Structures are given as C-alpha cells and as structure tokens.
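Student: First the structure, which I've put down as structure tokens, then a few questions once you've had a look.
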Amino acid sequence: MAAEAAHVPVMTGRVLELFAPALEGRPAVVVDATTGLGGHSEALLTAFPQLKLIGLDRDPHALERSGARLAKFGDRVELVHAVYDTLPDVLARLGLSRVDGVMFDLGVSSMQLDSEERGFAYARDAPLDMRMDPTTGQTAADVLNTYEPGELVRILREYGEERFAQRIVKAIVAERARRPFDRSERLVRLLYDAVPAASRRTGGHPAKRTFQALRIEVNGELEVLRRAIPAALSALAVGGRIVVESYHSLEDRIVKQAFAELAKSRTPPGLPVELPGHGPELKLITRGAEKASEEEIEQNPRAASVRLRVAERIKEADA
C-alpha cells in the first residue's frame, strides 16, 4: 500500500465541497469513472457515510490496488473493469438508471507514470507501451513503427500541439527504417536532436509533447472522452453533479463544450418566455475552470496543470 499512501489526489477538499449539495445527508450513488489508486473514491466514501460508489477503471492493476484500499467500505463499493465511455452499459448491468454524481480525474495516473514497464514517462528507459489497459490494443511502438508519416504528423500536431511535428516525423521515419522502435530512451534521444536548441531552452522537455500525443492516440483518450461526458451527463439525476479534472487544454475544451451545450436555452432569441422543454438542463457551478492553489501545487506538483469544472443537472434530459 506504499504507493497508495504516497498518492495524493488533486483538489480533494474542493471536490468534496462541490459534491456536498448533491450527496450530503442522504443515500446517494456516485460513479468514479477514473478510480485509479482510489484516492478520490476513499475521500468521498469517508465524507459521505450513506454513499454507494461505483468505481470504473480500464487498468486492471489499478483496480486491484484500489480494491485493497477501499475494502474497508465493504458493499458500499462496486469496482468494474471498464473504459468510462461504457458508463451506460455498466449502469444498466447494475440496474441503475440515474446517479447522483460522476467524478472524472483524467489523464495518466501516478501509478502508471511510476511503473517503469508501462513506458508513460520519458525520464526513464522503458518499453514503448503506454496502454492504460495493458491487456489489449496497440502500443506506442506500434504507432511509431506502422503509421503513415502524414498520420504521425497529424497526431503530434493535434494531440501534442507540437510545432516541430514535421521534422520530428521525418526523423522517426528515417530511424524506424533502420530499426523499429521498441524502447523510450531511443525515442527521447531522437526528439532531443530533432527539436531546435532554442525551443529546448524555453519549451520544456522536448519529449513531453510527443509522449502526450502518443499516449492519447494509443488509448483513444479524446474520442473516449467525447462519448463519456455526454453519457455521464445523461445519467445524472436532477440535483446530481459532475466533477471533472482535466490536465491539458484538449481535454478541458471537450468538457467545456459539452457542459455549455446543455447549460444554454434553446428558446429562439427574442421570445419573452422560455418555451416548454427548451430550457437549460445544466447549471454551471464553477465559473470557468478552477485551478489548484499555490500551496497545493507546492505540496503536489501534479496539481499545477489541473482545470476543474463542475455542473449540476437542473432538469431531466429531453427525450
């Protein structure tokens, strides 16, 4: 349990505060769609004694470890090996049509970053895997070695927001022709050489953006999120809340747009009254995206890039 003890979930106090109006003092059901090591789940179950929690994660190793951490809560916890865009299927299997809360803590977990054999971190040599569920799907090495150059350029530009995608991909294609990629150290060396020195001095580690892009592609993270947020919103009962922690602008943009779509009126402009069935379904609880405090960032560097958004369902979803 050493990793679980060391793992510090981001903005836990604020998460509990924002969930309280939907959960406090009554039986309630929350889905932790990204259970990971169970930090947020444990905090929620402790703060709200009548809470039942359904924990999802695509990583079986994470579920094993969070299961041990949450065992003390007994049958108040149901853990499911699933990707979070399958939330409607999971709820249907459990006989639930609505829940009172959904939590997303997006991106790669501290456990995955710290597991050398998973290949998420560019700071140490490891197999180029990057699968959040290591039992299925293509690896980062598969992407590097088999994708057409144009597709690699698109991925680095869209998912890594990498300015030097073209020259990086040119170097990757030349290098993979010599020998296929299999480990991260070789890729990191290539990226360091491909990115201009001036950018290396000011733009952070030259591998950061490419590793992010590969991870997103391998796990289909943005496509999954585009399906998962609307599914989660549809599952919320009136008065229920959704809390999302994103760690880069691509994720946050998807969340922001999904919330905004349901938080606006569909009554044509100029009409003096709201048309029946055309009113907003959501209320935005946070003004924009909240950031972690300087104090928390100092104690937990992972909090530096977090963007927290919260919404509450105020009317039933339109049929």
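Chain identifiers are assigned as A, B, and so on, following the order in which chains appear in the structure tokens; residues are numbered from 1 within each chain, and ligands are numbered from 1 in order of appearance.
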Which neighbours of segment 179-189 of chain A fall inside 6 Å, counting only C-alpha atoms, when residues of the same chain fewer than 4 positions from it are skipped, and could you give them as a ChimeraX atom specification?
Tutor: /A:125-128,141,145,207
Student: Please save all heavy atoms of the selected residues as a compact mmCIF listing (two decimals), in the first residue's frame.
Tutor:
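again29.txt written:
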```txt
# COMPACT_ATOMS: atom_id res chain seq x y z
N ASP A 125 14.20 4.88 -19.23
CA ASP A 125 14.09 3.96 -20.36
C ASP A 125 13.11 2.85 -20.04
O ASP A 125 13.15 2.26 -18.95
CB ASP A 125 15.47 3.37 -20.70
CG ASP A 125 15.44 2.55 -21.98
OD1 ASP A 125 14.67 2.91 -22.90
OD2 ASP A 125 16.17 1.55 -22.06
N ALA A 126 12.20 2.56 -20.97
CA ALA A 126 11.17 1.54 -20.75
C ALA A 126 10.62 1.10 -22.10
O ALA A 126 10.80 1.78 -23.11
CB ALA A 126 10.04 2.12 -19.90
N PRO A 127 9.94 -0.04 -22.15
CA PRO A 127 9.26 -0.44 -23.38
C PRO A 127 8.25 0.63 -23.80
O PRO A 127 7.58 1.23 -22.95
CB PRO A 127 8.55 -1.74 -23.01
CG PRO A 127 9.29 -2.26 -21.82
CD PRO A 127 9.76 -1.05 -21.07
N LEU A 128 8.13 0.89 -25.09
CA LEU A 128 7.19 1.89 -25.59
C LEU A 128 5.80 1.27 -25.66
O LEU A 128 5.33 0.85 -26.71
CB LEU A 128 7.64 2.40 -26.97
CG LEU A 128 8.71 3.48 -26.94
CD1 LEU A 128 9.33 3.66 -28.32
CD2 LEU A 128 8.13 4.80 -26.43
N ALA A 141 4.82 1.77 -29.55
CA ALA A 141 5.77 1.27 -30.55
C ALA A 141 5.05 0.93 -31.85
O ALA A 141 5.55 1.22 -32.95
CB ALA A 141 6.51 0.06 -30.01
N ASN A 145 5.96 2.67 -35.43
CA ASN A 145 6.56 1.82 -36.46
C ASN A 145 5.66 1.56 -37.66
O ASN A 145 6.16 1.17 -38.72
CB ASN A 145 6.95 0.47 -35.85
CG ASN A 145 8.07 0.59 -34.84
OD1 ASN A 145 8.96 1.42 -34.99
ND2 ASN A 145 8.03 -0.22 -33.79
N ALA A 207 10.62 15.93 -25.26
CA ALA A 207 9.85 14.69 -25.41
C ALA A 207 8.43 14.82 -24.89
O ALA A 207 7.57 13.98 -25.21
CB ALA A 207 10.55 13.53 -24.70
```
Student: Which residues are close to His61 of chain A, i.e. within 10 Å by only C-alpha atoms, leaving aside same-chain residues fewer than 3 positions away? Reply as a list in words.
Tutor: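 In the requested format, the answer is Gly36, Leu37, Asp57, Arg58, Glu64, Arg65, Ser66, Gly67, His81, Met111, Gln112, Met132, Asp133 and Pro134 of chain A.
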Student: Go ahead and save the residues from that selection, with N, CA and C atoms, as a PDB file, in the first residue's frame.
Tutor:
```
ATOM      1  N   GLY A  36      -8.445   4.779 -10.565  1.00  0.00           N
ATOM      2  CA  GLY A  36      -7.007   4.814 -10.323  1.00  0.00           C
ATOM      3  C   GLY A  36      -6.648   4.120  -9.032  1.00  0.00           C
ATOM      4  N   LEU A  37      -5.881   4.780  -8.175  1.00  0.00           N
ATOM      5  CA  LEU A  37      -5.498   4.208  -6.890  1.00  0.00           C
ATOM      6  C   LEU A  37      -6.543   4.445  -5.806  1.00  0.00           C
ATOM      7  N   ASP A  57     -12.366   1.606 -13.991  1.00  0.00           N
ATOM      8  CA  ASP A  57     -11.017   1.873 -14.489  1.00  0.00           C
ATOM      9  C   ASP A  57     -10.698   0.857 -15.580  1.00  0.00           C
ATOM     10  N   ARG A  58      -9.972   1.315 -16.606  1.00  0.00           N
ATOM     11  CA  ARG A  58      -9.584   0.410 -17.696  1.00  0.00           C
ATOM     12  C   ARG A  58      -8.334  -0.381 -17.335  1.00  0.00           C
ATOM     13  N   GLU A  64      -7.048  -3.537  -8.926  1.00  0.00           N
ATOM     14  CA  GLU A  64      -6.590  -4.451  -7.884  1.00  0.00           C
ATOM     15  C   GLU A  64      -6.107  -3.679  -6.659  1.00  0.00           C
ATOM     16  N   ARG A  65      -5.365  -2.628  -6.905  1.00  0.00           N
ATOM     17  CA  ARG A  65      -4.800  -1.862  -5.801  1.00  0.00           C
ATOM     18  C   ARG A  65      -5.844  -0.974  -5.131  1.00  0.00           C
ATOM     19  N   SER A  66      -6.737  -0.370  -5.921  1.00  0.00           N
ATOM     20  CA  SER A  66      -7.795   0.434  -5.298  1.00  0.00           C
ATOM     21  C   SER A  66      -8.780  -0.463  -4.548  1.00  0.00           C
ATOM     22  N   GLY A  67      -8.971  -1.689  -5.046  1.00  0.00           N
ATOM     23  CA  GLY A  67      -9.842  -2.632  -4.346  1.00  0.00           C
ATOM     24  C   GLY A  67      -9.350  -2.925  -2.948  1.00  0.00           C
ATOM     25  N   HIS A  81     -14.112  -3.288 -14.208  1.00  0.00           N
ATOM     26  CA  HIS A  81     -13.061  -3.115 -15.224  1.00  0.00           C
ATOM     27  C   HIS A  81     -13.741  -2.646 -16.505  1.00  0.00           C
ATOM     28  N   MET A 111       0.357   6.076 -10.603  1.00  0.00           N
ATOM     29  CA  MET A 111       0.804   4.685 -10.616  1.00  0.00           C
ATOM     30  C   MET A 111       1.355   4.303 -11.984  1.00  0.00           C
ATOM     31  N   GLN A 112       0.662   4.733 -13.048  1.00  0.00           N
ATOM     32  CA  GLN A 112       1.110   4.405 -14.397  1.00  0.00           C
ATOM     33  C   GLN A 112       2.425   5.104 -14.726  1.00  0.00           C
ATOM     34  N   MET A 132      -3.150   2.155 -21.187  1.00  0.00           N
ATOM     35  CA  MET A 132      -3.733   2.214 -19.847  1.00  0.00           C
ATOM     36  C   MET A 132      -4.297   0.857 -19.444  1.00  0.00           C
ATOM     37  N   ASP A 133      -4.794   0.110 -20.403  1.00  0.00           N
ATOM     38  CA  ASP A 133      -5.160  -1.284 -20.171  1.00  0.00           C
ATOM     39  C   ASP A 133      -4.131  -2.142 -20.890  1.00  0.00           C
ATOM     40  N   PRO A 134      -3.140  -2.679 -20.162  1.00  0.00           N
ATOM     41  CA  PRO A 134      -2.049  -3.401 -20.826  1.00  0.00           C
ATOM     42  C   PRO A 134      -2.444  -4.759 -21.380  1.00  0.00           C
TER      43      PRO A 134
END
```
Student: Could you pull the residues within 12 Å of Ala82 of chain A, counting only C-alpha atoms, minus those fewer than 3 positions along the same chain, as a PyMOL selection string?
Tutor: chain A and resi 32-36+54-60+62-63+79+85-91+132-133+224+228
Student: With a cut-off of 7 Å, could you pull out the residues of segment 197-309 of chain A touching segment 8-26 of chain A and give me the nearest pair of atoms for each, distance in Å to one decimal, using only C-alpha atoms, ordered by chain and ascending number, as JSON lines?
Tutor:
```
{"residue": "A:Gly239", "atom": "CA", "partner": "A:Ala22", "partner_atom": "CA", "distance": 6.0}
{"residue": "A:Gly240", "atom": "CA", "partner": "A:Ala22", "partner_atom": "CA", "distance": 5.4}
{"residue": "A:Arg241", "atom": "CA", "partner": "A:Ala22", "partner_atom": "CA", "distance": 6.4}
{"residue": "A:Ala292", "atom": "CA", "partner": "A:Met11", "partner_atom": "CA", "distance": 6.4}
{"residue": "A:Ala303", "atom": "CA", "partner": "A:Val10", "partner_atom": "CA", "distance": 5.7}
```
Student: Enter the distance from atom CA of Ala237 of chain A to atom CA of Val99 of chain A, in Å, rounded to one decimal.
Tutor: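 That distance, rounded to one decimal, is 5.7 Å.
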Student: Find the residue from A:Val244, A:Ala304, A:Ile314, A:Ala174 that sits nearest to Lys264 of chain A; use only C-alpha atoms when measuring.
Tutor: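 For Lys264 of chain A, the nearest of the given residues is A:Ile314.
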Student: Give me every strand (DSSP E) residue in segment 2-238 of chain A, going by DSSP on the backbone, as an MDAnalysis selection string.
Tutor: chainID A and resid 28:32 51:57 77:81 99:105 236:238
Student: For Gln212 of chain A, please output as number ranges by chain all residues within 12 Å (counting only C-alpha atoms; exclusion window: fewer than 2 positions along the same chain).
Tutor: A: 107-108, 113, 119-122, 130, 140, 155-162, 205-210, 214-222, 247-248, 250
Student: So that I can see what lies close to Gln166 of chain A, please list as a ChimeraX atom specification the residues with an atom at most 9 Å from it, counting only C-alpha atoms and leaving out residues fewer than 5 positions away in the same chain.
Tutor: /A:149-150,152-153,156-157,171
Student: Let's have the selection written as a CSV table (one decimal), in the first residue's frame, with N, CA and C atoms.
Tutor:
```csv
chain,number,residue,atom,x,y,z
A,149,PRO,N,3.5,8.6,-42.4
A,149,PRO,CA,4.1,9.8,-41.9
A,149,PRO,C,3.1,10.9,-41.7
A,150,GLY,N,2.1,11.1,-42.7
A,150,GLY,CA,1.1,12.1,-42.6
A,150,GLY,C,0.2,12.0,-41.3
A,152,LEU,N,1.2,10.4,-38.5
A,152,LEU,CA,2.0,10.8,-37.4
A,152,LEU,C,2.1,12.3,-37.2
A,153,VAL,N,2.3,13.0,-38.3
A,153,VAL,CA,2.3,14.5,-38.2
A,153,VAL,C,1.0,15.0,-37.6
A,156,LEU,N,0.9,14.3,-33.7
A,156,LEU,CA,1.8,15.2,-33.0
A,156,LEU,C,1.2,16.6,-32.9
A,157,ARG,N,0.7,17.1,-34.0
A,157,ARG,CA,0.1,18.4,-34.0
A,157,ARG,C,-1.2,18.6,-33.2
A,171,ALA,N,12.4,12.5,-38.9
A,171,ALA,CA,13.5,11.8,-38.2
A,171,ALA,C,13.0,10.4,-37.7
```
Student: Can you work out which one of A:Ala28, A:Ala231, A:Ala317, A:Leu308 has the shortest atom-to-atom distance to Leu262 of chain A, counting only C-alpha atoms?
Tutor: A:Ala317
Student: One decimal, Å: what's the distance from atom CA of Ala260 of chain A over to atom CA of Val273 of chain A, could you say?
Tutor: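 Interatomic distance, atom CA of Ala260 of chain A to atom CA of Val273 of chain A: 20.7 Å.
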Student: Find, counting only C-alpha atoms, the residue in A:Ala213, A:Val77, A:Val102, A:Ala68 that gets nearest to Val143 of chain A.
Tutor: A:Ala213
Student: May I have all residues of segment 28-173 of chain A that DSSP, computed from the backbone, assigns to helix (DSSP H, G or I), given as a count of residues only?
Tutor: 72
Student: Please report the interatomic distance between atom CA of Arg313 of chain A and atom CA of Glu281 of chain A in Å with one decimal.
Tutor: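 Atom CA of Arg313 of chain A sits 5.8 Å away from atom CA of Glu281 of chain A.
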Student: Using only C-alpha atoms, which protein or nucleic acid residues come within 8 Å of Ile172 of chain A? Drop anything in the same chain fewer than 3 positions from it, and give the result as a ChimeraX atom specification.
Tutor: /A:144,168-169,175-176,190
Student: Rank nothing, just name the residue among A:Gly137, A:Gly95, A:Gly101, A:Pro269 nearest to Leu44 of chain A, using only C-alpha atoms.
Tutor: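 Closest to Leu44 of chain A, using only C-alpha atoms: A:Gly101.
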